[in-house]
Amino acid sequence: MQHDEVIWQSTRHNHCSFMTKITTGNFCRNPYNVTGICNRSSCPVANSRYATIRDHDGVFYLYMKTIERAHMPNKLWERVKLPRNYEKALEVIDKHLMYWPKFLVHKNKQRLTKMTQMRIRMKKLALKTREKIMTTPRKEKKREARREVKAEKAAVLDKSIEKELLDRLKKGVYGDIYNYPVIEYNKVLDMEGLQAASEDEEEEPEIEYVEDYEEFEEEDDMEDFGNLAIENSHTDANIDDEETDHEDEETVAVDRKRGKRESRSKLEKDELGAKLKKKARVLVEVEHEDTNERQTTVHRDLVVF
């Protein structure tokens, strides 16, 4: 026959595998304990009539134990699923624990409140993005570094062996061997095709762009054009002089001087337009009426753009 007081005296004063003693007090590690404290009213082992609430993957269940099922350990606890709504869960607890001790009813409601708050906090933390700190031991880092070095050496060795074998195969060292690996043979053919295509692309002539005329040629052309304009002006002046009705010699001399001045000015303008990018000239003429002498001074200035 089960006696609760005898069980409590033996577990409290002799030995209990669920009891934990620390400086602040004695606690109970039994998962069915409703408060987590080791005392007479909260001990699930020393109470034949007991109720608690447990969590299974986010779902709350109400567990109840009675003295009538003490002889059946596989059916000792009666489990009732609680709804997710907090108010409806309280109603279910009141319904099933209607004639139970008020201490157990109050502690179960208090446990339901704490577990509901904990579930809400867990949902909020799951929605937030938090940094996860992960540590890697030094031994693993060193081991991975050694493996990387070995893998690089193996890759270089494999490539060198493959290259040497292909060179020997091209030179005919192995003689008449007919069992060529198909994959490697196709790879060699593709490489040779790419090399031939690259050589064809390199043989294409390059296109160069050259200036149309040099500056000196342009200057010579402009000077020839200026001389032609001078000759045409001289011929026009001579024709006009012949057609005149024997005017006075002074007027004829003046007309000739004007024609020469106009041709000279045209020539200077043409030369100035042609050589504007390189140099600029300033012509200064000094004419004396008595001696019919003309003195020309040329000033050269560099044009800076």
# chains A, B, ... in the order shown; residues from 1 in each chain; ligands from 1
call {"tool": "residues_around", "arguments": {"residues": "Lys114 of chain A", "least_positions_apart": "3", "cutoff": "12 Å", "atoms": "only C-alpha atoms", "output": "list of chain:residue names"}}
result
A:Val34, A:Thr35, A:Ile53, A:Arg54, A:Asp55, A:Phe60, A:Tyr86, A:Lys107, A:Asn108, A:Lys109, A:Gln110, A:Arg111, A:Gln117, A:Met118, A:Arg119, A:Ile120, A:Arg121
call {"tool": "write_last_selection", "arguments": {"atoms": "N, CA and C atoms", "output": "PDB file, in the first residue's frame"}}
result
ATOM      1  N   VAL A  34       5.762  20.838 -10.562  1.00  0.00           N
ATOM      2  CA  VAL A  34       5.010  21.994 -11.026  1.00  0.00           C
ATOM      3  C   VAL A  34       5.690  23.304 -10.679  1.00  0.00           C
ATOM      4  N   THR A  35       6.545  23.324  -9.627  1.00  0.00           N
ATOM      5  CA  THR A  35       7.219  24.559  -9.213  1.00  0.00           C
ATOM      6  C   THR A  35       8.724  24.510  -9.398  1.00  0.00           C
ATOM      7  N   ILE A  53       1.774  20.773 -15.776  1.00  0.00           N
ATOM      8  CA  ILE A  53       1.661  21.134 -17.207  1.00  0.00           C
ATOM      9  C   ILE A  53       3.039  20.964 -17.840  1.00  0.00           C
ATOM     10  N   ARG A  54       3.071  20.327 -19.013  1.00  0.00           N
ATOM     11  CA  ARG A  54       4.318  20.101 -19.744  1.00  0.00           C
ATOM     12  C   ARG A  54       4.165  20.564 -21.198  1.00  0.00           C
ATOM     13  N   ASP A  55       5.316  20.814 -21.800  1.00  0.00           N
ATOM     14  CA  ASP A  55       5.354  21.327 -23.178  1.00  0.00           C
ATOM     15  C   ASP A  55       5.971  20.271 -24.089  1.00  0.00           C
ATOM     16  N   PHE A  60       0.958  22.556 -25.213  1.00  0.00           N
ATOM     17  CA  PHE A  60       0.872  22.376 -23.776  1.00  0.00           C
ATOM     18  C   PHE A  60      -0.128  21.260 -23.459  1.00  0.00           C
ATOM     19  N   TYR A  86      -5.144  31.366 -24.408  1.00  0.00           N
ATOM     20  CA  TYR A  86      -4.818  31.372 -22.980  1.00  0.00           C
ATOM     21  C   TYR A  86      -6.084  31.276 -22.126  1.00  0.00           C
ATOM     22  N   LYS A 107      -0.969  26.792  -8.740  1.00  0.00           N
ATOM     23  CA  LYS A 107       0.368  26.595  -9.306  1.00  0.00           C
ATOM     24  C   LYS A 107       0.315  26.182 -10.782  1.00  0.00           C
ATOM     25  N   ASN A 108      -0.675  25.445 -11.180  1.00  0.00           N
ATOM     26  CA  ASN A 108      -0.801  25.062 -12.592  1.00  0.00           C
ATOM     27  C   ASN A 108      -1.158  26.268 -13.461  1.00  0.00           C
ATOM     28  N   LYS A 109      -2.044  27.120 -12.945  1.00  0.00           N
ATOM     29  CA  LYS A 109      -2.364  28.332 -13.711  1.00  0.00           C
ATOM     30  C   LYS A 109      -1.142  29.250 -13.805  1.00  0.00           C
ATOM     31  N   GLN A 110      -0.405  29.340 -12.730  1.00  0.00           N
ATOM     32  CA  GLN A 110       0.806  30.162 -12.746  1.00  0.00           C
ATOM     33  C   GLN A 110       1.841  29.595 -13.733  1.00  0.00           C
ATOM     34  N   ARG A 111       1.970  28.275 -13.759  1.00  0.00           N
ATOM     35  CA  ARG A 111       2.905  27.639 -14.714  1.00  0.00           C
ATOM     36  C   ARG A 111       2.451  27.855 -16.153  1.00  0.00           C
ATOM     37  N   GLN A 117       4.065  33.077 -21.757  1.00  0.00           N
ATOM     38  CA  GLN A 117       4.962  34.208 -21.973  1.00  0.00           C
ATOM     39  C   GLN A 117       6.278  33.769 -22.616  1.00  0.00           C
ATOM     40  N   MET A 118       6.780  32.636 -22.192  1.00  0.00           N
ATOM     41  CA  MET A 118       8.010  32.120 -22.783  1.00  0.00           C
ATOM     42  C   MET A 118       7.812  31.788 -24.264  1.00  0.00           C
ATOM     43  N   ARG A 119       6.666  31.228 -24.632  1.00  0.00           N
ATOM     44  CA  ARG A 119       6.400  30.904 -26.034  1.00  0.00           C
ATOM     45  C   ARG A 119       6.313  32.173 -26.881  1.00  0.00           C
ATOM     46  N   ILE A 120       5.723  33.244 -26.348  1.00  0.00           N
ATOM     47  CA  ILE A 120       5.638  34.513 -27.091  1.00  0.00           C
ATOM     48  C   ILE A 120       7.028  35.101 -27.317  1.00  0.00           C
ATOM     49  N   ARG A 121       7.870  35.046 -26.277  1.00  0.00           N
ATOM     50  CA  ARG A 121       9.238  35.569 -26.430  1.00  0.00           C
ATOM     51  C   ARG A 121      10.038  34.759 -27.452  1.00  0.00           C
TER      52      ARG A 121
END
call {"tool": "atom_distance", "arguments": {"atom1": "atom CA of Arg79 of chain A", "atom2": "atom CA of Met64 of chain A"}}
result
6.6 Å
call {"tool": "atom_distance", "arguments": {"atom1": "atom CA of His15 of chain A", "atom2": "atom CA of Tyr32 of chain A"}}
result
18.5 Å
